[in-house]
Amino acid sequence: MAVLTTADLDLGDASAGVRTWRRLLARKGGVLGLAIIVLFVLVAVLAPLIAPYDPAQQSWTSIRKPSSLAHWFGTDESGRDLLSRVIFGGRASLLAGVVSVTIALGLGVPIGLLAGYGGKWIDAVLSRIADAMLAVPFLILAIALAAFLGPSLQNAMIAIGLTTAPIFVRLTRGQVMAVMVEDYVEAARAVGNPPVRIAFRHILPNILPALIVQSTLSIATAIIAEASLSFLGLGQQPPAPSWGSMLNTAQRFLTLAPWLAVWPGLAIFLVVLSFNLLGDALRDALDPREP
């Protein structure tokens, strides 16, 4: 009789990882999205090294100049280099997306596990609270929380994270309830495993694919939310660059200097599209029913 060892389990996990990676690489949209995301992350991390100018450096002789060899993306209403501001603005947007979703995961997943596995009145109370938050439009709730906490990038990330958390509560709860009836969970319960071990050792690892896909898509939503809050003056505060605040300034010069809106708008479009493409590809790659 063959005995299944830890090495066999590790080899199985490695094979599953290789299959998932191959499925992801087979989807051109996902590969393109991943490449663009990696490019933007590298640009944001290396911003002090690759930005041609200080993003806050003003030049009153170069106000609203179009693209040139000196300023590839042109200059803004204060003579600041637009390329440098777009590069540094990517830091705020990407940071807001990742931190906000991390906050949402940290709050939503444990609460969803508790609601799905605890059941009864615990599930009823936590689910009604999540439903109440989801009943309010996402952006309206984020604006309200950001206004209450005060205008800053940190408070904007907290507001977006709290607003996104109910999505993960509902997703985690639904996934837990679907996995709880599986044979391996029943077997773990039958041999006397405590509920906490069952939840974190047997249930959570099997719902991670759905959480990973939702996290990727939520980062795109969080980036748009951060740009919206900055556009309204509730996010990154001037003179620190942010794509949203740059669009807010650009709206006054759409006819005189359209490049002020084109470049930050294009950056938001590319990043959000890339995360959505990656999320769709991950959904297919992590689906065990896919060939």
# chains A, B, ... in the order shown; residues from 1 in each chain; ligands from 1

call {"tool": "residues_around", "arguments": {"residues": "Asp131 in chain A", "least_positions_apart": "5", "cutoff": "12 Å", "atoms": "only C-alpha atoms", "output": "PDB file with N, CA and C atoms, in the first residue's frame"}}
result
ATOM      1  N   ASP A 123     -23.543  34.938  12.173  1.00  0.00           N
ATOM      2  CA  ASP A 123     -23.658  35.146  10.732  1.00  0.00           C
ATOM      3  C   ASP A 123     -24.710  36.198  10.419  1.00  0.00           C
ATOM      4  N   ALA A 124     -25.840  36.133  11.112  1.00  0.00           N
ATOM      5  CA  ALA A 124     -26.928  37.072  10.848  1.00  0.00           C
ATOM      6  C   ALA A 124     -26.502  38.512  11.121  1.00  0.00           C
ATOM      7  N   VAL A 125     -25.847  38.746  12.257  1.00  0.00           N
ATOM      8  CA  VAL A 125     -25.432  40.108  12.630  1.00  0.00           C
ATOM      9  C   VAL A 125     -24.372  40.637  11.679  1.00  0.00           C
ATOM     10  N   LEU A 126     -23.309  39.851  11.447  1.00  0.00           N
ATOM     11  CA  LEU A 126     -22.209  40.316  10.600  1.00  0.00           C
ATOM     12  C   LEU A 126     -22.661  40.497   9.145  1.00  0.00           C
ATOM     13  N   VAL A 136     -24.878  51.204   0.402  1.00  0.00           N
ATOM     14  CA  VAL A 136     -24.455  52.567   0.092  1.00  0.00           C
ATOM     15  C   VAL A 136     -23.466  52.518  -1.072  1.00  0.00           C
ATOM     16  N   PRO A 137     -23.626  53.360  -2.083  1.00  0.00           N
ATOM     17  CA  PRO A 137     -22.669  53.373  -3.196  1.00  0.00           C
ATOM     18  C   PRO A 137     -21.234  53.500  -2.707  1.00  0.00           C
ATOM     19  N   THR A 163     -14.221  50.783   3.154  1.00  0.00           N
ATOM     20  CA  THR A 163     -15.346  50.679   2.220  1.00  0.00           C
ATOM     21  C   THR A 163     -15.287  49.396   1.411  1.00  0.00           C
ATOM     22  N   ALA A 165     -13.904  46.510   2.493  1.00  0.00           N
ATOM     23  CA  ALA A 165     -13.949  45.329   3.368  1.00  0.00           C
ATOM     24  C   ALA A 165     -15.237  44.516   3.249  1.00  0.00           C
ATOM     25  N   PRO A 166     -16.437  45.140   3.183  1.00  0.00           N
ATOM     26  CA  PRO A 166     -17.662  44.317   3.074  1.00  0.00           C
ATOM     27  C   PRO A 166     -17.688  43.388   1.866  1.00  0.00           C
ATOM     28  N   ILE A 167     -17.022  43.769   0.779  1.00  0.00           N
ATOM     29  CA  ILE A 167     -16.958  42.890  -0.395  1.00  0.00           C
ATOM     30  C   ILE A 167     -16.258  41.591  -0.037  1.00  0.00           C
ATOM     31  N   PHE A 168     -15.163  41.694   0.717  1.00  0.00           N
ATOM     32  CA  PHE A 168     -14.420  40.500   1.121  1.00  0.00           C
ATOM     33  C   PHE A 168     -15.157  39.718   2.198  1.00  0.00           C
ATOM     34  N   VAL A 169     -15.923  40.419   3.025  1.00  0.00           N
ATOM     35  CA  VAL A 169     -16.747  39.709   4.010  1.00  0.00           C
ATOM     36  C   VAL A 169     -17.739  38.796   3.303  1.00  0.00           C
ATOM     37  N   ARG A 170     -18.456  39.343   2.332  1.00  0.00           N
ATOM     38  CA  ARG A 170     -19.456  38.553   1.620  1.00  0.00           C
ATOM     39  C   ARG A 170     -18.809  37.430   0.807  1.00  0.00           C
ATOM     40  N   LEU A 171     -17.708  37.733   0.135  1.00  0.00           N
ATOM     41  CA  LEU A 171     -17.033  36.714  -0.664  1.00  0.00           C
ATOM     42  C   LEU A 171     -16.517  35.582   0.220  1.00  0.00           C
TER      43      LEU A 171
END

call {"tool": "residues_around", "arguments": {"residues": "range 30-33 of chain A", "least_positions_apart": "5", "cutoff": "10 Å", "atoms": "only C-alpha atoms", "output": "NGL selection string"}}
result
:A and (23-25 or 38-39 or 270-282 or 284-285)

call {"tool": "select_by_dssp", "arguments": {"residues": "range 28-251 of chain A", "states": "alpha helix (DSSP H)", "output": "PyMOL selection string"}}
result
chain A and resi 28-45+47-50+82-118+120-135+138-149+153-179+183-190+195-197+204-231+243-250

call {"tool": "atom_distance", "arguments": {"atom1": "CA of Trp243 in chain A", "atom2": "CA of Leu105 in chain A"}}
result
24.9 Å

call {"tool": "closest_residue", "arguments": {"among": "A:Met180, A:Ile212, A:Met133, A:Ala220", "to": "Gly116 in chain A", "atoms": "only C-alpha atoms"}}
result
A:Met180

call {"tool": "residues_around", "arguments": {"residues": "Pro264 in chain A", "least_positions_apart": "2", "cutoff": "12 Å", "atoms": "only C-alpha atoms", "output": "ChimeraX atom specification"}}
result
/A:73,76,82-90,93,224,227,231,241-251,258-262,266-271

call {"tool": "closest_residue", "arguments": {"among": "A:Leu141, A:Arg80, A:Thr164, A:Arg173", "to": "Gly119 in chain A", "atoms": "only C-alpha atoms"}}
result
A:Arg173

call {"tool": "closest_residue", "arguments": {"among": "A:Gln214, A:Thr75, A:Asn155, A:Asn193", "to": "Trp60 in chain A", "atoms": "only C-alpha atoms"}}
result
A:Thr75

call {"tool": "residues_around", "arguments": {"residues": "Arg201 in chain A", "least_positions_apart": "5", "cutoff": "10 Å", "atoms": "only C-alpha atoms", "output": "JSON, numbers by chain"}}
result
{"A": [185, 188, 193, 195, 196, 206]}

call {"tool": "write_last_selection", "arguments": {"atoms": "N, CA and C atoms", "output": "mmCIF file, in the first residue's frame"}}
result
data_model
loop_
_atom_site.group_PDB
_atom_site.id
_atom_site.type_symbol
_atom_site.label_atom_id
_atom_site.label_comp_id
_atom_site.auth_asym_id
_atom_site.auth_seq_id
_atom_site.Cartn_x
_atom_site.Cartn_y
_atom_site.Cartn_z
ATOM 1 N N VAL A 185 -13.209 18.625 5.067
ATOM 2 C CA VAL A 185 -13.557 19.421 6.241
ATOM 3 C C VAL A 185 -14.310 18.572 7.251
ATOM 4 N N ALA A 188 -11.774 16.406 8.956
ATOM 5 C CA ALA A 188 -11.000 17.147 9.949
ATOM 6 C C ALA A 188 -11.815 17.387 11.213
ATOM 7 N N ASN A 193 -10.348 18.062 15.295
ATOM 8 C CA ASN A 193 -9.647 19.331 15.120
ATOM 9 C C ASN A 193 -10.492 20.478 15.671
ATOM 10 N N PRO A 195 -12.190 24.226 15.942
ATOM 11 C CA PRO A 195 -12.739 25.064 14.865
ATOM 12 C C PRO A 195 -11.733 26.042 14.264
ATOM 13 N N VAL A 196 -10.875 26.618 15.116
ATOM 14 C CA VAL A 196 -9.907 27.592 14.605
ATOM 15 C C VAL A 196 -8.939 26.923 13.638
ATOM 16 N N ASN A 206 -8.179 26.831 0.838
ATOM 17 C CA ASN A 206 -8.963 26.412 -0.321
ATOM 18 C C ASN A 206 -9.852 27.517 -0.872
#
